[in-house]
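**Q** Shown below is the structure under consideration.
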Number of protein chains: 2
Amino acid sequence: MDVATAPIKAPKGSVDALVRLAAADMGGVDALITARLDSPVPVIPALAEHLIAAGGKRLRPLLTVAAARLAGGTDDACLKLAAAVEFIHTATLLHDDVVDGSQLRRGKVAAHLIWGGASSVLVGDFLFARSFELMVETGSLRSLAILAKASSVIAEGEVLQLTRAHDLNLDQHTYLEIIRAKTAELFAASAEAGAVSAGAPESQIAALRTYGLNLGLAFQLADDALDYSGVAETLGKNAGDDFREGKATLPLLLAIARSGPREAEFWERAIGRLDQTEADFRRAREIIVGTGALQATLDLGSDYAETAKAALAGFPDNEWRRSLEALADFSVSRPA
Amino acid sequence: MDVATAPIKAPKGSVDALVRLAAADMGGVDALITARLDSPVPVIPALAEHLIAAGGKRLRPLLTVAAARLAGGTDDACLKLAAAVEFIHTATLLHDDVVDGSQLRRGKVAAHLIWGGASSVLVGDFLFARSFELMVETGSLRSLAILAKASSVIAEGEVLQLTRAHDLNLDQHTYLEIIRAKTAELFAASAEAGAVSAGAPESQIAALRTYGLNLGLAFQLADDALDYSGVAETLGKNAGDDFREGKATLPLLLAIARSGPREAEFWERAIGRLDQTEADFRRAREIIVGTGALQATLDLGSDYAETAKAALAGFPDNEWRRSLEALADFSVSRPA
């Protein structure tokens, strides 16, 4: 194991407690997901299930369920909102993989490579529409407003990221705005909608939204770090995908800022013009580790994870709160 | 003018009366569309306006407004629903053009050829999400349900069409199911939502939905015919696009069924294997006209237009009803 793939810090935190606690609720969510993928057009459930059945941790619907439990309890409407949230997330993954030309997702061949980009786009549209059908059934205009707004913010974040790809001069503020929009907003909305479904007081709804937002930022920062430190088996995607696509993520931006003029030509060629070889990824990784850019990214993620935990201070110290705190720790300590 | 491009029948009906009657309401809809395209990410309004400002007849929001007027009147909620309907339609156009690789839309270069397929997919997602934000603001869960359902049906129709492209043996029933889902459902939902916003009695809501559904079928049949009889200047897209993409539309399916074994190899090569030249399109057009397949498609469209008009029989014989009747006639008599 060379320096670039060595774990940065010992794993801390876990999602296991939350998964165990929410098992019964999530069973209901999974049943809804399967039922609502049904369509007279067979390729729709086939393509969607390829991605959904591949797992992933169902983090966003878990957040909806856990927020509702912490704020009072779950009901049918809560489970429908949780399923809707997973549909929105799956739709964005399908479209992202087409947009990015990604090869792997959740350890499996990306759907667009099996069914074609056209089907991936259209099945994403189907899932998005179906998510709104689920939300309408809950009768909660407030939850609809939260998740409709999150959906348009996600699209804005994705477009912003697209227009700033290959941009070596992207500032940290804009980078954070991109990950807030494309990732953290749905985490925030998932937790907020769960709290709303439980009839929580406004202060608790706001606290759970804050928890979700900061958790999402922590997750994305860790994800962007893992792209330079992880291996495909645990990532479920190819390490180095961001580098190969020239995505201006924080580890890269910090490394560019911290490396000398000798490396400027390297970054301009490999990221600015996307003229790169496999050896270039290893060189980039060495600079990103060597300049401390990787650790700085993880440290910033840890700060957001701490902010997420602090947002829960007003809730009773029960197993749901502790499992959400453990999730925040987990977000920045996933195995490399 | 050769036989294949000669008008099939004299133009009848017009959209002009409806456009004039609805001008004030549609001014409000256009203002909403412009306002809600706003985004801190400049490429979003730029790309969306490229398509929306190119015009099109705004038929779907016109239907929402006209249905509301016929059933009682318009209000702010109605105009928001009309804008939402146009956003949904625009989102599907953006995604369709990426999926089909179309070159022209509404007489302009397709957006994905200017901004790239990735931006078109993501801006489509944005418009779709924004449409639901508009609907949420109306507070009408029923309208949300109608348009969410229509959105998932559209996606199902598009996927079904995709999986049956190049299929020389597509039956007429499945073809009609495809155009019902991908086109007529949104016409139906647009009129239905307008009637709901006006607080119309159930019988009128059902009648206006029936009008919209049959109008949509008539329009799509005429569109599919125009692809073999129109010219780019009036079509706003290239004639022959369906043929070049191997789309199994009714004029083609009828011509295949009506032409002899001598043409079987031609259809199998040009549509089944998409191995074709420009001369093949002219040959196909001659067979489609010569076998009466084009006229049969237009006749079926006229039947649906008559059914649409008949659905309005219970309404008072006022200018709104007459303009909707004229629109039904227009749908199947557009200039070739």
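Ligands are numbered from 1 in the order shown, chains are lettered A, B, ... in the order of the structure tokens, and residues start at 1 in each chain.
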Mind running chain A against chain B at 9 Å and telling me each contacting residue's nearest atom pair with the distance in Å (one decimal), counting only C-alpha atoms, chain and number ascending, as JSON lines?
**A**
```
{"residue": "A:Ser39", "atom": "CA", "partner": "B:Glu156", "partner_atom": "CA", "distance": 7.6}
{"residue": "A:Pro40", "atom": "CA", "partner": "B:Glu156", "partner_atom": "CA", "distance": 8.2}
{"residue": "A:Val41", "atom": "CA", "partner": "B:Leu160", "partner_atom": "CA", "distance": 6.1}
{"residue": "A:Pro42", "atom": "CA", "partner": "B:Leu160", "partner_atom": "CA", "distance": 8.8}
{"residue": "A:Val43", "atom": "CA", "partner": "B:Val159", "partner_atom": "CA", "distance": 7.8}
{"residue": "A:Ile44", "atom": "CA", "partner": "B:Val159", "partner_atom": "CA", "distance": 7.7}
{"residue": "A:Thr92", "atom": "CA", "partner": "B:Asp125", "partner_atom": "CA", "distance": 8.8}
{"residue": "A:His95", "atom": "CA", "partner": "B:Val121", "partner_atom": "CA", "distance": 7.3}
{"residue": "A:Asp96", "atom": "CA", "partner": "B:Ala118", "partner_atom": "CA", "distance": 8.5}
{"residue": "A:Val98", "atom": "CA", "partner": "B:Ala118", "partner_atom": "CA", "distance": 7.7}
{"residue": "A:Val99", "atom": "CA", "partner": "B:Ala118", "partner_atom": "CA", "distance": 4.8}
{"residue": "A:Asp100", "atom": "CA", "partner": "B:Ala118", "partner_atom": "CA", "distance": 8.0}
{"residue": "A:Gly117", "atom": "CA", "partner": "B:Val99", "partner_atom": "CA", "distance": 7.5}
{"residue": "A:Ala118", "atom": "CA", "partner": "B:Val99", "partner_atom": "CA", "distance": 4.8}
{"residue": "A:Ser119", "atom": "CA", "partner": "B:Val159", "partner_atom": "CA", "distance": 6.4}
{"residue": "A:Val121", "atom": "CA", "partner": "B:His95", "partner_atom": "CA", "distance": 7.3}
{"residue": "A:Leu122", "atom": "CA", "partner": "B:Ala155", "partner_atom": "CA", "distance": 5.7}
{"residue": "A:Val123", "atom": "CA", "partner": "B:Ala155", "partner_atom": "CA", "distance": 6.9}
{"residue": "A:Gly124", "atom": "CA", "partner": "B:Ala155", "partner_atom": "CA", "distance": 8.7}
{"residue": "A:Asp125", "atom": "CA", "partner": "B:Ala155", "partner_atom": "CA", "distance": 6.1}
{"residue": "A:Phe126", "atom": "CA", "partner": "B:Ser152", "partner_atom": "CA", "distance": 4.9}
{"residue": "A:Leu127", "atom": "CA", "partner": "B:Ser152", "partner_atom": "CA", "distance": 7.6}
{"residue": "A:Phe128", "atom": "CA", "partner": "B:Ser152", "partner_atom": "CA", "distance": 7.9}
{"residue": "A:Ala129", "atom": "CA", "partner": "B:Ser152", "partner_atom": "CA", "distance": 4.9}
{"residue": "A:Arg130", "atom": "CA", "partner": "B:Ser152", "partner_atom": "CA", "distance": 5.9}
{"residue": "A:Ser131", "atom": "CA", "partner": "B:Ala148", "partner_atom": "CA", "distance": 8.6}
{"residue": "A:Phe132", "atom": "CA", "partner": "B:Ala148", "partner_atom": "CA", "distance": 5.9}
{"residue": "A:Glu133", "atom": "CA", "partner": "B:Ala148", "partner_atom": "CA", "distance": 5.5}
{"residue": "A:Val136", "atom": "CA", "partner": "B:Ala145", "partner_atom": "CA", "distance": 6.0}
{"residue": "A:Glu137", "atom": "CA", "partner": "B:Ala145", "partner_atom": "CA", "distance": 8.0}
{"residue": "A:Gly139", "atom": "CA", "partner": "B:Leu141", "partner_atom": "CA", "distance": 6.9}
{"residue": "A:Ser140", "atom": "CA", "partner": "B:Leu141", "partner_atom": "CA", "distance": 8.6}
{"residue": "A:Leu141", "atom": "CA", "partner": "B:Val136", "partner_atom": "CA", "distance": 6.4}
{"residue": "A:Arg142", "atom": "CA", "partner": "B:Val136", "partner_atom": "CA", "distance": 8.4}
{"residue": "A:Leu144", "atom": "CA", "partner": "B:Val136", "partner_atom": "CA", "distance": 6.8}
{"residue": "A:Ala145", "atom": "CA", "partner": "B:Val136", "partner_atom": "CA", "distance": 6.0}
{"residue": "A:Ile146", "atom": "CA", "partner": "B:Glu133", "partner_atom": "CA", "distance": 9.0}
{"residue": "A:Leu147", "atom": "CA", "partner": "B:Ala129", "partner_atom": "CA", "distance": 8.9}
{"residue": "A:Ala148", "atom": "CA", "partner": "B:Glu133", "partner_atom": "CA", "distance": 5.5}
{"residue": "A:Lys149", "atom": "CA", "partner": "B:Glu133", "partner_atom": "CA", "distance": 6.4}
{"residue": "A:Ala150", "atom": "CA", "partner": "B:Ala129", "partner_atom": "CA", "distance": 8.4}
{"residue": "A:Ser151", "atom": "CA", "partner": "B:Ala129", "partner_atom": "CA", "distance": 5.5}
{"residue": "A:Ser152", "atom": "CA", "partner": "B:Phe126", "partner_atom": "CA", "distance": 4.9}
{"residue": "A:Val153", "atom": "CA", "partner": "B:Phe126", "partner_atom": "CA", "distance": 7.8}
{"residue": "A:Ile154", "atom": "CA", "partner": "B:Phe126", "partner_atom": "CA", "distance": 8.0}
{"residue": "A:Ala155", "atom": "CA", "partner": "B:Phe126", "partner_atom": "CA", "distance": 5.1}
{"residue": "A:Glu156", "atom": "CA", "partner": "B:Val41", "partner_atom": "CA", "distance": 6.6}
{"residue": "A:Gly157", "atom": "CA", "partner": "B:Val41", "partner_atom": "CA", "distance": 8.4}
{"residue": "A:Glu158", "atom": "CA", "partner": "B:Leu122", "partner_atom": "CA", "distance": 7.0}
{"residue": "A:Val159", "atom": "CA", "partner": "B:Leu122", "partner_atom": "CA", "distance": 6.3}
{"residue": "A:Leu160", "atom": "CA", "partner": "B:Val41", "partner_atom": "CA", "distance": 6.1}
{"residue": "A:Leu162", "atom": "CA", "partner": "B:Ser119", "partner_atom": "CA", "distance": 7.6}
{"residue": "A:Thr163", "atom": "CA", "partner": "B:Val43", "partner_atom": "CA", "distance": 8.2}
```
**Q** When you look at segment 261-271 of chain B with a cut-off of 6 Å (counting only C-alpha atoms), what residues show up, excluding the ones that are within fewer than 5 positions of it in the same chain? I need them as a PyMOL selection string.
**A** chain B and resi 166+246+276
**Q** Rounded to one decimal, what separation in Å do you get between atom CA of Leu298 of chain A and atom CA of Thr210 of chain A?
**A**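 These atoms are spaced 19.7 Å apart.
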**Q** So that I can check the secondary structure, give me every residue of segment 92-198 of chain A assigned helix (DSSP H, G or I) by backbone DSSP, as a ChimeraX atom specification.
**A** /A:92-100,111-115,117-138,141-163,172-197
**Q** For the residues in the current selection, export C-alpha atoms as a PDB file, in the first residue's frame.
**A**
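Result file follows (part-v3.pdb):
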```
ATOM      1  CA  THR A  92     -30.307  12.437 -10.693  1.00  0.00           C
ATOM      2  CA  LEU A  93     -27.831   9.521 -10.654  1.00  0.00           C
ATOM      3  CA  LEU A  94     -29.163   8.219 -13.983  1.00  0.00           C
ATOM      4  CA  HIS A  95     -28.878  11.647 -15.582  1.00  0.00           C
ATOM      5  CA  ASP A  96     -25.466  12.348 -14.015  1.00  0.00           C
ATOM      6  CA  ASP A  97     -24.012   9.129 -15.352  1.00  0.00           C
ATOM      7  CA  VAL A  98     -25.197  10.007 -18.861  1.00  0.00           C
ATOM      8  CA  VAL A  99     -23.892  13.562 -18.529  1.00  0.00           C
ATOM      9  CA  ASP A 100     -20.512  12.430 -17.134  1.00  0.00           C
ATOM     10  CA  ALA A 111     -27.250   1.756 -16.712  1.00  0.00           C
ATOM     11  CA  HIS A 112     -26.644   3.887 -19.809  1.00  0.00           C
ATOM     12  CA  LEU A 113     -23.958   1.433 -20.950  1.00  0.00           C
ATOM     13  CA  ILE A 114     -26.525  -1.387 -20.884  1.00  0.00           C
ATOM     14  CA  TRP A 115     -29.755   0.304 -21.978  1.00  0.00           C
ATOM     15  CA  GLY A 117     -28.261   7.019 -22.760  1.00  0.00           C
ATOM     16  CA  ALA A 118     -31.722   7.718 -24.171  1.00  0.00           C
ATOM     17  CA  SER A 119     -33.378   5.165 -21.892  1.00  0.00           C
ATOM     18  CA  SER A 120     -31.439   6.445 -18.886  1.00  0.00           C
ATOM     19  CA  VAL A 121     -32.613  10.000 -19.531  1.00  0.00           C
ATOM     20  CA  LEU A 122     -36.244   8.952 -19.992  1.00  0.00           C
ATOM     21  CA  VAL A 123     -36.357   6.531 -17.048  1.00  0.00           C
ATOM     22  CA  GLY A 124     -34.868   9.311 -14.922  1.00  0.00           C
ATOM     23  CA  ASP A 125     -37.751  11.515 -16.056  1.00  0.00           C
ATOM     24  CA  PHE A 126     -40.190   8.754 -15.167  1.00  0.00           C
ATOM     25  CA  LEU A 127     -38.745   8.398 -11.640  1.00  0.00           C
ATOM     26  CA  PHE A 128     -38.845  12.129 -11.138  1.00  0.00           C
ATOM     27  CA  ALA A 129     -42.521  12.295 -12.157  1.00  0.00           C
ATOM     28  CA  ARG A 130     -43.365   9.238 -10.081  1.00  0.00           C
ATOM     29  CA  SER A 131     -41.740  10.861  -7.039  1.00  0.00           C
ATOM     30  CA  PHE A 132     -44.174  13.765  -7.362  1.00  0.00           C
ATOM     31  CA  GLU A 133     -47.084  11.359  -7.657  1.00  0.00           C
ATOM     32  CA  LEU A 134     -46.002   9.808  -4.338  1.00  0.00           C
ATOM     33  CA  MET A 135     -45.702  13.229  -2.714  1.00  0.00           C
ATOM     34  CA  VAL A 136     -49.137  14.300  -3.951  1.00  0.00           C
ATOM     35  CA  GLU A 137     -50.604  11.220  -2.264  1.00  0.00           C
ATOM     36  CA  THR A 138     -49.331  12.425   1.110  1.00  0.00           C
ATOM     37  CA  LEU A 141     -48.186  20.787   0.088  1.00  0.00           C
ATOM     38  CA  ARG A 142     -45.368  21.813   2.405  1.00  0.00           C
ATOM     39  CA  SER A 143     -43.367  18.638   1.732  1.00  0.00           C
ATOM     40  CA  LEU A 144     -44.069  19.050  -1.972  1.00  0.00           C
ATOM     41  CA  ALA A 145     -42.724  22.591  -1.829  1.00  0.00           C
ATOM     42  CA  ILE A 146     -39.581  21.447   0.014  1.00  0.00           C
ATOM     43  CA  LEU A 147     -38.771  18.666  -2.442  1.00  0.00           C
ATOM     44  CA  ALA A 148     -39.761  20.585  -5.595  1.00  0.00           C
ATOM     45  CA  LYS A 149     -37.429  23.396  -4.537  1.00  0.00           C
ATOM     46  CA  ALA A 150     -34.651  20.908  -3.749  1.00  0.00           C
ATOM     47  CA  SER A 151     -35.083  19.372  -7.204  1.00  0.00           C
ATOM     48  CA  SER A 152     -34.618  22.644  -9.039  1.00  0.00           C
ATOM     49  CA  VAL A 153     -31.653  23.565  -6.823  1.00  0.00           C
ATOM     50  CA  ILE A 154     -30.009  20.207  -7.623  1.00  0.00           C
ATOM     51  CA  ALA A 155     -30.356  20.865 -11.359  1.00  0.00           C
ATOM     52  CA  GLU A 156     -28.901  24.354 -10.898  1.00  0.00           C
ATOM     53  CA  GLY A 157     -25.956  22.868  -9.000  1.00  0.00           C
ATOM     54  CA  GLU A 158     -25.328  20.295 -11.714  1.00  0.00           C
ATOM     55  CA  VAL A 159     -25.398  22.923 -14.461  1.00  0.00           C
ATOM     56  CA  LEU A 160     -23.116  25.209 -12.446  1.00  0.00           C
ATOM     57  CA  GLN A 161     -20.672  22.317 -11.978  1.00  0.00           C
ATOM     58  CA  LEU A 162     -20.804  21.548 -15.689  1.00  0.00           C
ATOM     59  CA  THR A 163     -20.064  25.131 -16.695  1.00  0.00           C
ATOM     60  CA  GLN A 172     -13.627  27.582  -2.800  1.00  0.00           C
ATOM     61  CA  HIS A 173     -16.832  29.543  -2.253  1.00  0.00           C
ATOM     62  CA  THR A 174     -18.218  28.532  -5.652  1.00  0.00           C
ATOM     63  CA  TYR A 175     -17.101  24.936  -5.111  1.00  0.00           C
ATOM     64  CA  LEU A 176     -19.017  24.859  -1.830  1.00  0.00           C
ATOM     65  CA  GLU A 177     -22.056  26.411  -3.525  1.00  0.00           C
ATOM     66  CA  ILE A 178     -21.949  23.639  -6.135  1.00  0.00           C
ATOM     67  CA  ILE A 179     -21.835  20.807  -3.593  1.00  0.00           C
ATOM     68  CA  ARG A 180     -24.452  22.531  -1.434  1.00  0.00           C
ATOM     69  CA  ALA A 181     -26.808  22.630  -4.401  1.00  0.00           C
ATOM     70  CA  LYS A 182     -26.082  19.299  -6.079  1.00  0.00           C
ATOM     71  CA  THR A 183     -25.765  17.179  -2.911  1.00  0.00           C
ATOM     72  CA  ALA A 184     -26.466  18.854   0.429  1.00  0.00           C
ATOM     73  CA  GLU A 185     -29.809  20.379  -0.566  1.00  0.00           C
ATOM     74  CA  LEU A 186     -31.430  16.947  -1.001  1.00  0.00           C
ATOM     75  CA  PHE A 187     -29.990  15.729   2.327  1.00  0.00           C
ATOM     76  CA  ALA A 188     -31.462  18.865   3.939  1.00  0.00           C
ATOM     77  CA  ALA A 189     -34.828  18.467   2.216  1.00  0.00           C
ATOM     78  CA  SER A 190     -34.995  14.755   3.094  1.00  0.00           C
ATOM     79  CA  ALA A 191     -34.579  15.449   6.803  1.00  0.00           C
ATOM     80  CA  GLU A 192     -36.832  18.527   6.690  1.00  0.00           C
ATOM     81  CA  ALA A 193     -39.659  16.657   4.945  1.00  0.00           C
ATOM     82  CA  GLY A 194     -39.427  13.880   7.536  1.00  0.00           C
ATOM     83  CA  ALA A 195     -39.724  16.403  10.358  1.00  0.00           C
ATOM     84  CA  VAL A 196     -42.679  18.069   8.630  1.00  0.00           C
ATOM     85  CA  SER A 197     -44.439  14.718   8.206  1.00  0.00           C
TER      86      SER A 197
END
```
**Q** For a test of reading the model, state the distance in Å between atom CA of Ala296 of chain A and atom CA of Ala326 of chain A, rounded to one decimal.
**A**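 Those two atoms sit 21.5 Å apart.
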**Q** Let me make sure I understand: among B:Ala255, B:Ala225, B:Ala46, B:Ala17, which one has the smallest atom-to-atom distance to Ala239 of chain B if we use only C-alpha atoms?
**A**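 Closest candidate: B:Ala225.
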**Q** Might you pull out every residue within 9 Å of Gly73 of chain B, with only C-alpha atoms counted and same-chain residues fewer than 6 positions away left off, and present them as a PDB file with C-alpha atoms, in the first residue's frame?
**A**
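The result, written out as part-v4.pdb:
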```pdb
ATOM      1  CA  VAL B  65     -56.500  29.041 -20.185  1.00  0.00           C
ATOM      2  CA  ALA B  66     -59.276  28.280 -22.674  1.00  0.00           C
ATOM      3  CA  ALA B  67     -60.629  25.384 -20.623  1.00  0.00           C
ATOM      4  CA  ALA B 195     -61.152  23.232 -15.756  1.00  0.00           C
ATOM      5  CA  SER B 197     -58.715  25.667 -11.543  1.00  0.00           C
ATOM      6  CA  ALA B 198     -62.020  27.241 -12.601  1.00  0.00           C
ATOM      7  CA  GLY B 199     -63.953  25.109 -10.127  1.00  0.00           C
TER       8      GLY B 199
END
```
**Q** Skipping near chain neighbours, those fewer than 6 positions away, what residues fall within 8 Å of Pro251 of chain B using only C-alpha atoms, listed as an NGL selection string?
**A** :B and (224-225 or 288 or 293-294 or 296-297)
**Q** Using backbone DSSP assignments, extract all strand (DSSP E) residues from segment 44-256 of chain B; output them as a VMD selection string.
**A** chain B and resid 104 to 105 108 to 109
**Q** Show which residues sit within 9 Å of segment 49-53 of chain B, as a ChimeraX atom specification. Count only C-alpha atoms, and ignore same-chain residues fewer than 4 positions away.
**A** /B:33-34,37,44-45,58,86-87,90,93-94,105-106,108,110-111
**Q** Write out the residues from the selection above, keeping C-alpha atoms, as a PDB file, in the first residue's frame.
**A**
```
ATOM      1  CA  ILE B  33     -42.491  31.906 -17.775  1.00  0.00           C
ATOM      2  CA  THR B  34     -39.832  34.600 -18.064  1.00  0.00           C
ATOM      3  CA  LEU B  37     -36.705  30.899 -15.779  1.00  0.00           C
ATOM      4  CA  ILE B  44     -30.266  27.959 -17.597  1.00  0.00           C
ATOM      5  CA  PRO B  45     -32.380  30.931 -18.761  1.00  0.00           C
ATOM      6  CA  ARG B  58     -48.025  27.638 -26.726  1.00  0.00           C
ATOM      7  CA  GLU B  86     -45.327  24.879 -20.844  1.00  0.00           C
ATOM      8  CA  PHE B  87     -42.303  24.100 -18.626  1.00  0.00           C
ATOM      9  CA  THR B  90     -40.277  22.348 -22.894  1.00  0.00           C
ATOM     10  CA  LEU B  93     -38.654  18.717 -25.940  1.00  0.00           C
ATOM     11  CA  LEU B  94     -35.128  19.296 -24.600  1.00  0.00           C
ATOM     12  CA  ARG B 105     -36.511  22.548 -33.325  1.00  0.00           C
ATOM     13  CA  ARG B 106     -39.019  25.290 -34.046  1.00  0.00           C
ATOM     14  CA  LYS B 108     -33.799  26.936 -34.865  1.00  0.00           C
ATOM     15  CA  ALA B 110     -31.561  22.392 -31.412  1.00  0.00           C
ATOM     16  CA  ALA B 111     -30.283  23.523 -27.996  1.00  0.00           C
TER      17      ALA B 111
END
```
**Q** Which residue gives the smallest distance to Ala23 of chain A among A:Val109, A:Leu104, A:Leu62, A:Leu47, with only C-alpha atoms counted?
**A**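 With only C-alpha atoms as the atom set, the closest residue is A:Leu62.
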**Q** One decimal, Å: what's the distance from atom CA of Arg164 of chain B over to atom CA of Arg273 of chain B, could you say?
**A**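 A separation of 13.2 Å between them.
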